[in-house]
Protein chains: 4
Amino acid sequence: MTIQISVDLNADLGEGFGNYRAGNDPLVMKYISSANIACGFHAGDPPVILNTIRLAKEAGVAVGAHPGYPDMQGFGRRTIRMSRDELYAFVLYQTGALKSLAEALGTRLVHVKPHGALYNDAVGNTDIAAAIAEAVYDMDPELLVFGPPNSALENEALQRGLRFVIETFADRAYNSDGTLVPRGKKGAVIYDTEEVAERALAMVRENRIPVQGGGSLLVKPDTICIHGDNPAAVAIAERISQTLIENGVVIKPVI
Amino acid sequence: MTIQISVDLNADLGEGFGNYRAGNDPLVMKYISSANIACGFHAGDPPVILNTIRLAKEAGVAVGAHPGYPDMQGFGRRTIRMSRDELYAFVLYQTGALKSLAEALGTRLVHVKPHGALYNDAVGNTDIAAAIAEAVYDMDPELLVFGPPNSALENEALQRGLRFVIETFADRAYNSDGTLVPRGKKGAVIYDTEEVAERALAMVRENRIPVQGGGSLLVKPDTICIHGDNPAAVAIAERISQTLIENGVVIKPVI
Amino acid sequence: MTIQISVDLNADLGEGFGNYRAGNDPLVMKYISSANIACGFHAGDPPVILNTIRLAKEAGVAVGAHPGYPDMQGFGRRTIRMSRDELYAFVLYQTGALKSLAEALGTRLVHVKPHGALYNDAVGNTDIAAAIAEAVYDMDPELLVFGPPNSALENEALQRGLRFVIETFADRAYNSDGTLVPRGKKGAVIYDTEEVAERALAMVRENRIPVQGGGSLLVKPDTICIHGDNPAAVAIAERISQTLIENGVVIKPVI
Amino acid sequence: MTIQISVDLNADLGEGFGNYRAGNDPLVMKYISSANIACGFHAGDPPVILNTIRLAKEAGVAVGAHPGYPDMQGFGRRTIRMSRDELYAFVLYQTGALKSLAEALGTRLVHVKPHGALYNDAVGNTDIAAAIAEAVYDMDPELLVFGPPNSALENEALQRGLRFVIETFADRAYNSDGTLVPRGKKGAVIYDTEEVAERALAMVRENRIPVQGGGSLLVKPDTICIHGDNPAAVAIAERISQTLIENGVVIKPVI
């Protein structure tokens, strides 16, 4: 008897805005099991969001909200400092919009994953993590929260009885403390498709992430993030998917 | 035996934005039975919206979504031309955000009333009226639609089996064809508190609206709109409320 | 002795916004003599604008302002109705920002070309054309105004003593009344590179534009617009440029 | 023979946006000598800016640009982190727009004062101060820079040969290190009109600012800021102006 190993693959989608295109959602959608859909504050707009939910539904991909700081020009990659109450309102609004849209289209919201600076801030900032977890809980206690292991967000989510989904990045280098090597630093993003696929497989099968400078972290990821906003995204998604499947890993939502 | 006459009083609330204040929501809330809450596209932002829903819940006032064209600088008073599909997405998003927020705060969304240019466009433009009605229906077929009598919006709402709530304006002058005298034209807005209250009473008891230039329209309003964004709003709301109550009219949501 | 024929080639550039890219400005810049730079209202942001002015200066390309309606989500392709005074303020602001930036970078603003719906509205709407012409004149009476022949904009510009630069489109089909076949209609945009180049040459040498359905318009273009926002833009720009040069036409700013 | 003492009084104006009003600019304008006009990124829009420049011109008040972080919802009171080059572009754009508009209306831009979080960040952050000073210098080396004494902004402005105008606040409490007591802390804002006027007089005549907790700072202000965005603004402006004039102080721009 063999034990079936499975993992979720997620990607950030729905990041177009008006005339601006971003990523290649229909293609990426073929290889993932969960879509984090921008909610209109750091990227996305209502027609883009609706269309992305429709695509996810057709592809059998789980629909997630990807709330971010209100900053289109900065693509949600800058911290917009606000009080915990204000941030709670911003996350609740974005998550709520996605929830209603998913239901109106005959599907449902499965998870919430904060975007960009909000994601990073939720690693160590308790107030920010609490605002997010509280908003998710108040919206629907069945919602999953995606985030990094050992984070304030994990702690705040678990404290409220929310299910927390541990996420790792196959194409990002890690420091020995478990944080990501910041974009802009050398080697922060891994562009070699084969290497990214191998890292994904090692994460899933051996629960091991190589660390920049040597050594490795022990982490068991529930979901692996694939970036959809770079030209190689589709090729990387396809390669990771193939590598995992060929090695007997089932790709499916956490649910 | 007397027949109990009742009417709904509604006002547009939650129109602040960041540091900008608008109206005096807590005071107006005392005199109305339905609140149309701006959704963040022509006015409002998540903290303002949340706070306004809380105020409505505490005051026992029915919560409504007040979707508008995406145009903060123009306060939703300018038509933003879009395809029916795009408009459907914009209305669905705004209505959906309000629905989820209301539910997260332990109350529920009762009605939808389009704002400003979107309201005016829905009087005669079938495509626009259909986009709104379809979005409301897909969000929740139990939602009420507020709008002007004999409008395309009424027609599109009723066709889908939605309940349509006929709205009139106590402080706006009417043309003989039932349309409002446009803002900017002489006499378009009635500022005399007493006169506004008398008009409201005549509408409710006699189902009669005086027309600019003489004569009157026969309309039975289900709800009367009180504007909340002018300095006299509170005084007018109080006076209308008093006049109606003194004359035996019960002020309550349509529901 | 031969008479030297010359024409200006212009393109809309600087349309990126934050993380969103648009067009391939550095490549297109090699083939044009005038750049219409988005001003931040329908596209563009300050770093993008600055960078585009720098590119134009280095390439010896004339710097122009490309003001549009305030509508990022709609990319300036929708009319935002405003009073003449309001529109005057919006055009003055955008043109003024570009003028100051050009001067701060050691070059100068040469021309103004309205964008999208504002361009189209200025064909027949006297108020809109007058607001634009007045703003340009008040900013600097030496500025050139780019626009379509026989338009309200031409009339309003010339009335104020502004120099008007007649623009035609090599890749757009024309109706017999001189207006463009609207995007979305069949054959509105010509994608065949060779055909576009031949049309450009016919416009410059024979002052003739083929009309959809047969016949041709007689127009002497001072500048020909090359679109920079489609994938084939660079190939088309290169081909038009080559065809014109091979046929003895000099490509240079109007100045 | 008496020595004539003079000081500049400045206020932040032009902070309306679309339908949103802010402050009472025409009244405040009567008592000040310099207006810091919002540029449309944290507050203001083109029609509001134009109108405010016209008001200043008519009142003989010096026109200044009041650039802020791009954040309407946060009213420029939150830091939006960006690179020095990006911030340079944002300040240059805003300052440039105001400069062109002032000149188009037949007056000229006299000074630049950063707003809100940008002002506070320029106290101690060299990169931010340098980005501002560089943008001002590149726009026009004759422009004055308004800011707090002993700040990074003063240093960066003076290094480039710009004239730096020392600003103090009559209605804000100071710490002993010369920084303002942050809004939100007890006693941070002084509401007593008489006290504010007395503080202004002491600043100008004795070059002394009382410090929260006792003692005083020695600072010679070139300009004193009057806030225009609170209900008492007009009364405070009038009282300060009267108190200064009655005590022989001339209120006039620095120039």
# chains A, B, ... in the order shown; residues from 1 in each chain; ligands from 1
$ select_by_dssp --residues "segment 90-248 of chain D" --states "alpha helix (DSSP H)" --output "JSON, numbers by chain"
{"D": [90, 91, 92, 93, 94, 95, 96, 97, 98, 99, 100, 101, 102, 103, 104, 116, 117, 118, 119, 120, 121, 122, 123, 124, 126, 127, 128, 129, 130, 131, 132, 133, 134, 135, 136, 137, 138, 139, 152, 153, 154, 155, 156, 157, 158, 159, 193, 194, 195, 196, 197, 198, 199, 200, 201, 202, 203, 204, 205, 206, 233, 234, 235, 236, 237, 238, 239, 240, 241, 242, 243, 244, 245, 246]}
$ interface_residues --of "chain D" --to "chain B" --cutoff "6 Å" --atoms "only C-alpha atoms" --output "NGL selection string"
:D and (18 or 73-74)
$ residues_around --residues "Leu144 of chain A" --least-positions-apart "3" --cutoff "10 Å" --atoms "only C-alpha atoms" --output "PyMOL selection string"
chain A and resi 64+109-113+136-137+140-141+147+157+162-165+254-255
$ write_last_selection --atoms "C-alpha atoms" --output "PDB file, in the first residue's frame"
ATOM      1  CA  GLY A  64      -9.391  32.594  -3.200  1.00  0.00           C
ATOM      2  CA  LEU A 109     -14.774  31.386  -1.817  1.00  0.00           C
ATOM      3  CA  VAL A 110     -12.346  28.833  -0.397  1.00  0.00           C
ATOM      4  CA  HIS A 111      -9.351  30.752   0.893  1.00  0.00           C
ATOM      5  CA  VAL A 112      -7.778  34.111   1.600  1.00  0.00           C
ATOM      6  CA  LYS A 113      -4.144  34.964   0.990  1.00  0.00           C
ATOM      7  CA  VAL A 136     -11.453  36.361   7.585  1.00  0.00           C
ATOM      8  CA  TYR A 137     -13.078  34.853  10.655  1.00  0.00           C
ATOM      9  CA  ASP A 140     -16.667  33.079   7.274  1.00  0.00           C
ATOM     10  CA  PRO A 141     -14.901  30.832   9.812  1.00  0.00           C
ATOM     11  CA  GLY A 147       0.498  32.167   4.604  1.00  0.00           C
ATOM     12  CA  ALA A 157      -5.451  32.338  12.402  1.00  0.00           C
ATOM     13  CA  LEU A 162      -9.270  29.084  11.373  1.00  0.00           C
ATOM     14  CA  ARG A 163      -7.508  26.486   9.268  1.00  0.00           C
ATOM     15  CA  PHE A 164      -4.061  27.694   8.230  1.00  0.00           C
ATOM     16  CA  VAL A 165      -2.494  26.532   4.982  1.00  0.00           C
ATOM     17  CA  VAL A 254      -6.455  21.773   0.350  1.00  0.00           C
ATOM     18  CA  ILE A 255     -10.164  21.837   1.213  1.00  0.00           C
TER      19      ILE A 255
END
$ residues_around --residues "Arg108 of chain B" --least-positions-apart "2" --cutoff "8 Å" --atoms "only C-alpha atoms" --output "number ranges by chain"
B: 63, 99, 102-103, 106, 110
$ write_last_selection --atoms "N, CA, C and O atoms" --output "PDB file, in the first residue's frame"
ATOM      1  N   VAL B  63     -30.372  48.172   5.832  1.00  0.00           N
ATOM      2  CA  VAL B  63     -29.119  48.436   5.120  1.00  0.00           C
ATOM      3  C   VAL B  63     -29.308  48.207   3.620  1.00  0.00           C
ATOM      4  O   VAL B  63     -29.753  47.139   3.199  1.00  0.00           O
ATOM      5  N   LYS B  99     -23.195  43.357   0.750  1.00  0.00           N
ATOM      6  CA  LYS B  99     -23.905  42.178   1.272  1.00  0.00           C
ATOM      7  C   LYS B  99     -23.026  41.420   2.270  1.00  0.00           C
ATOM      8  O   LYS B  99     -23.446  41.100   3.381  1.00  0.00           O
ATOM      9  N   ALA B 102     -22.468  43.471   5.494  1.00  0.00           N
ATOM     10  CA  ALA B 102     -23.649  43.468   6.357  1.00  0.00           C
ATOM     11  C   ALA B 102     -23.741  42.149   7.121  1.00  0.00           C
ATOM     12  O   ALA B 102     -23.971  42.132   8.338  1.00  0.00           O
ATOM     13  N   GLU B 103     -23.519  41.059   6.399  1.00  0.00           N
ATOM     14  CA  GLU B 103     -23.617  39.749   7.055  1.00  0.00           C
ATOM     15  C   GLU B 103     -22.505  39.545   8.071  1.00  0.00           C
ATOM     16  O   GLU B 103     -22.730  38.983   9.155  1.00  0.00           O
ATOM     17  N   GLY B 106     -23.418  40.927  11.261  1.00  0.00           N
ATOM     18  CA  GLY B 106     -24.592  40.368  11.941  1.00  0.00           C
ATOM     19  C   GLY B 106     -25.912  40.973  11.510  1.00  0.00           C
ATOM     20  O   GLY B 106     -26.914  40.846  12.208  1.00  0.00           O
ATOM     21  N   VAL B 110     -30.693  44.624   2.552  1.00  0.00           N
ATOM     22  CA  VAL B 110     -32.124  44.588   2.259  1.00  0.00           C
ATOM     23  C   VAL B 110     -32.440  45.094   0.851  1.00  0.00           C
ATOM     24  O   VAL B 110     -33.282  44.543   0.165  1.00  0.00           O
TER      25      VAL B 110
END
$ residues_around --residues "Thr168 of chain B" --least-positions-apart "5" --cutoff "8 Å" --atoms "only C-alpha atoms" --output "ChimeraX atom specification"
/B:148,221,223-225
$ atom_distance --atom1 "atom CA of Thr95 of chain C" --atom2 "atom CA of Tyr88 of chain D"
19.3 Å
$ residues_around --residues "Ile37 of chain B" --least-positions-apart "4" --cutoff "8 Å" --atoms "only C-alpha atoms" --output "JSON, numbers by chain"
{"B": [12, 13, 14, 15, 49, 52, 53, 63, 64, 65, 66]}
$ atom_distance --atom1 "atom CA of Gln212 of chain A" --atom2 "atom CA of Val181 of chain A"
8.1 Å
$ closest_residue --among "D:Ala104, D:Ala11, D:Ala117, D:Ile32" --to "Pro182 of chain D" --atoms "only C-alpha atoms"
D:Ala117
$ residues_around --residues "Asn247 of chain B" --least-positions-apart "5" --cutoff "12 Å" --atoms "only C-alpha atoms" --output "PyMOL selection string"
chain B and resi 4-6+197-198+200-202+204-205+240-242
$ write_last_selection --atoms "C-alpha atoms" --output "CSV table (one decimal), in the first residue's frame"
chain,number,residue,atom,x,y,z
B,4,GLN,CA,-52.7,52.1,8.9
B,5,ILE,CA,-50.7,54.1,6.3
B,6,SER,CA,-46.9,53.5,6.3
B,197,ALA,CA,-42.6,68.1,4.8
B,198,GLU,CA,-46.0,69.0,3.3
B,200,ALA,CA,-44.0,64.3,1.6
B,201,LEU,CA,-47.3,64.1,3.4
B,202,ALA,CA,-49.3,64.7,0.2
B,204,VAL,CA,-48.1,59.5,1.2
B,205,ARG,CA,-51.7,60.3,2.0
B,240,ILE,CA,-40.6,65.2,7.5
B,241,SER,CA,-40.5,62.5,10.1
B,242,GLN,CA,-42.5,64.6,12.6
